[in-house]
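Novice: Submitted below is the structure of interest, expressed as structure tokens.
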Amino acid sequence: IAVDMVKEKLISKNEAVLRIDPNSLDTLLHPTLDEKSSIEVIANGLPASPGAASGKVVFTSEEAERLNDMMQDTILVRVETSPEDIQGMHAAKGILTARGGMTSHAAVVARGLGKPCVVGVSDLRMDNSLKSLLTRDKRNFKSGDLITIDGSNGRVLIGQPQMIQPNLSKHFYQIMAWANELGKISVKANADTPQEAMQAKEFKVDGIGLCRTEHMFFEQNTLRLMQKMILTSNDQEKHEVIESLLPFQQAKFEEMFKTMLGFPVTIRLLDLPIHEFLPNSLIELEGLADELDITFSQLSERAKHSAEINPMLGKRGVRLGILLPDFYKMQIKAILKASLSVYGSSQTKSPPEIMLPMVSSAKEVYFLKNMIDQVVQEVSLEQPFMVAYKLGVMVETPRAVLRAAELAKVSSFLSFGTNDLTQMTYGLSRDDSGTFMRDYIANKIFSEDPFTSLDITGVGEFLRIASERSRASNPNIKLGICGEHGGDPHSISFCSKVGLNYVSCSPYRVPVARLAAAQSELKIKK
């Protein structure tokens, strides 16, 4: 209607863009439930990723992959997902977890894949040993039973109701084109695979604002190499395993650069608690012990030694680069070589952006910049020119906010990781808060989930402080946001006012962000 009214000269393009609710675009991009059909809700959780999907209940990633190979639709049901579940999440039509919040692992990965997801479903009790789901009214759903999840409203339903399929008409693309002309703030995508990058490219993104490298290591062959690297006590073996990962990493980065040819790509170095790579089952531990030629008890002791009481605040982010420098050097070399392979002599005009995660001190950045520069020198020896790169810092700790002026002096860009920044500001676990978040909102303690929409008066104030201090220190610094708030219209409006250069969000949130950015600019001009 809005597009037709512009054609008939009843309203302007600006007015057409302002008339559309950005959040309403989710109904165009994903399947939705036909509310006129027979619907029976058996549980409610948090709407972590929009759209609806039906499928057979499966409790393991392996089962999701097996049934997917047989062309059968599944809903992967877990207490909570971990990086080991990546392949199963790809295979399933939707994801359902008992625990977790709006920025939990399941929620973030599902949004990136464009798959429906419901998390924090406390109404359901899951018994993985018996492979069953028990509802509050004692109904039991076993593996293979048919259910539906509604990721737009957080509902879990019995059976397979009627769906309304998405339909992206020419009018949608017209509105997006107008929004693109009007928006001042750039819209990038968080994408970890070439497939996600391609989807983002279809929505006309301005680049990749966050490529998380940890998800690249959970394929069957590379996961075992990572486990060997972590658990071997032999330094030479550790070095050899890391070197064997170099061709794999380079190939992955080449795919990303080729997909986004001519657009900036920001690659975040490994940011994951080491223990998440470790095997969980006895069979896996026994097999790994044999490969390392040590006893089962020796391996179990090493695995136990790698565990942390609070891993999200432990050995992750830049700490890994300092404690395990050979691994970061391998990643840096892979990025630079991939960039050269794709761009050749024009590499200096399209340099890769290397981002350091979980920074809390400028000394960490200088330490790792020296490491990067050493690798640059080494790679450049093979070229008739000096290889280029841009260094970025992820601001996701309160201390990094307060020391933003120092960080800006050594960085080309700062990217606010608002998932962790919100977590640390509130002292809330982004994985566990889903169990009580609905009660907080119902009692009006929070107006909305701070992991869904940016807390303007708290976390937003941190963004304002960091923006002012970093720009005073380095007027050329680029500032952006790559947390899940990057796809929230309310948050984008604030980012525009603070003067951020870009937002980066999940691929399927790009149209929402694009429209919100245009509306924010139009409202500022008014």
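Each chain in the structure tokens gets a letter, A, B, ..., in the order shown, and its residues are numbered from 1; ligands are numbered from 1 in order too.
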Neighbours of A:Lys333 within 10 Å (only C-alpha atoms; same-chain residues fewer than 5 positions away dropped), as a PyMOL selection string?

Specialist: chain A and resi 246+249-250+327-328+338-339+372+375-376+378-379

Novice: If you run DSSP on this backbone, which residues of stretch 366-508 of chain A come out as helix (DSSP H, G or I), and could you give them as a PyMOL selection string?

Specialist: chain A and resi 366-380+398-402+404-409+418-426+433-435+437-442+459-473+484-487+489-498+507-508

Novice: Sorted by chain and rising residue number, list the residues of stretch 141-259 of chain A at most 8 Å from stretch 461-482 of chain A (counting only C-alpha atoms), each with its closest atom pair and distance in Å to one decimal, as CSV.

Specialist:
```
residue,atom,partner,partner_atom,distance
A:Asn190,CA,A:Cys482,CA,7.1
A:Gly209,CA,A:Cys482,CA,6.5
A:Leu210,CA,A:Cys482,CA,6.5
```

Novice: Which residues are close to stretch 144-151 of chain A, i.e. within 8 Å by only C-alpha atoms, leaving aside same-chain residues fewer than 2 positions away? Reply as a ChimeraX atom specification.

Specialist: /A:32-33,46-58,75,94,96,116-118,141-142,153-161

Novice: What lies within 7 Å of stretch 191-199 of chain A using only C-alpha atoms, ignoring chain neighbours under 4 positions off, as a PyMOL selection string?

Specialist: chain A and resi 112-113+203+208+210-213+215+255-256+259+506-507

Novice: Give me a file of those residues, with C-alpha atoms, as a short mmCIF file (atom, residue, chain, number, x, y, z; two decimals), in the first residue's frame.

Specialist:
```cif
data_model
loop_
_atom_site.label_atom_id
_atom_site.label_comp_id
_atom_site.auth_asym_id
_atom_site.auth_seq_id
_atom_site.Cartn_x
_atom_site.Cartn_y
_atom_site.Cartn_z
CA GLY A 112 22.26 -16.42 12.12
CA LEU A 113 20.80 -19.45 10.35
CA PHE A 203 19.75 -8.13 1.67
CA ILE A 208 30.46 -8.42 7.46
CA LEU A 210 31.45 -10.02 12.78
CA CYS A 211 32.73 -13.40 11.62
CA ARG A 212 33.10 -15.70 14.64
CA THR A 213 35.94 -18.15 13.98
CA HIS A 215 32.18 -22.08 14.86
CA GLU A 255 35.41 -18.50 0.90
CA MET A 256 34.27 -15.58 3.04
CA THR A 259 31.57 -14.22 -1.17
CA SER A 506 22.13 -11.53 12.07
CA PRO A 507 21.50 -11.79 8.29
#
```

Novice: Mind checking which residues fall within 6 Å of stretch 382-399 of chain A, counting only C-alpha atoms, ignoring those fewer than 3 positions away in the same chain, and posting them as a PyMOL selection string?

Specialist: chain A and resi 348+351-357+360+379+402+411-417+420-421

Novice: Run DSSP on the backbone and grab whatever in stretch 311-386 of chain A lands in strand (DSSP E); send it over as an MDAnalysis selection string.

Specialist: chainID A and resid 353:356

Novice: Please provide as a list in words all residues within 9 Å of A:Glu276, with the sequence filter that same-chain residues fewer than 5 positions apart are discarded (counting only C-alpha atoms).

Specialist: Ser82, Pro83 and Glu84 of chain A

Novice: Next, the residues of the selection above should be written as a CSV table (one decimal), in the first residue's frame with N, CA and C atoms.

Specialist:
```
chain,number,residue,atom,x,y,z
A,82,SER,N,25.3,-26.3,22.8
A,82,SER,CA,26.7,-25.9,22.8
A,82,SER,C,27.3,-25.9,21.4
A,83,PRO,N,28.5,-25.4,21.2
A,83,PRO,CA,29.0,-25.4,19.9
A,83,PRO,C,29.1,-26.8,19.2
A,84,GLU,N,29.1,-27.9,20.0
A,84,GLU,CA,29.1,-29.2,19.5
A,84,GLU,C,27.8,-29.5,18.7
```

Novice: Within 12 Å of stretch 280-288 of chain A, counting only C-alpha atoms, which residues qualify if same-chain residues fewer than 2 places away don't, as JSON, numbers by chain?

Specialist: {"A": [82, 84, 220, 223, 224, 225, 226, 227, 228, 229, 230, 231, 232, 275, 276, 277, 278, 290, 291, 292, 293, 294, 295, 296, 297, 298, 299, 300, 301, 302, 303, 304, 307]}

Novice: Return the single residue from A:Phe494, A:Phe451, A:Phe253, A:Tyr343 that is closest to A:Gln423, with distances computed using only C-alpha atoms.

Specialist: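 Looking only at the distances to A:Gln423, the closest residue turns out to be A:Phe451.
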
Novice: Between A:Leu76, A:Ala200, A:Val17, A:Ile456, which residue has the minimum interatomic distance to A:Met5, considering only C-alpha atoms?

Specialist: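 Using only C-alpha atoms, the shortest distance to A:Met5 belongs to A:Val17.
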
Novice: Point out the residue among A:Leu124, A:Ala107, A:Ala362, A:Leu182 with the least atom-to-atom distance to A:Val318, counting only C-alpha atoms.

Specialist: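 Checking each of A:Leu124, A:Ala107, A:Ala362, A:Leu182 against A:Val318, counting only C-alpha atoms, the winner is A:Ala362.
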
Novice: Calculated over only C-alpha atoms, which of the candidates A:Pro247, A:Gly427, A:Pro22, A:Gly460 has the smallest distance to A:Ile175?

Specialist: A:Pro22
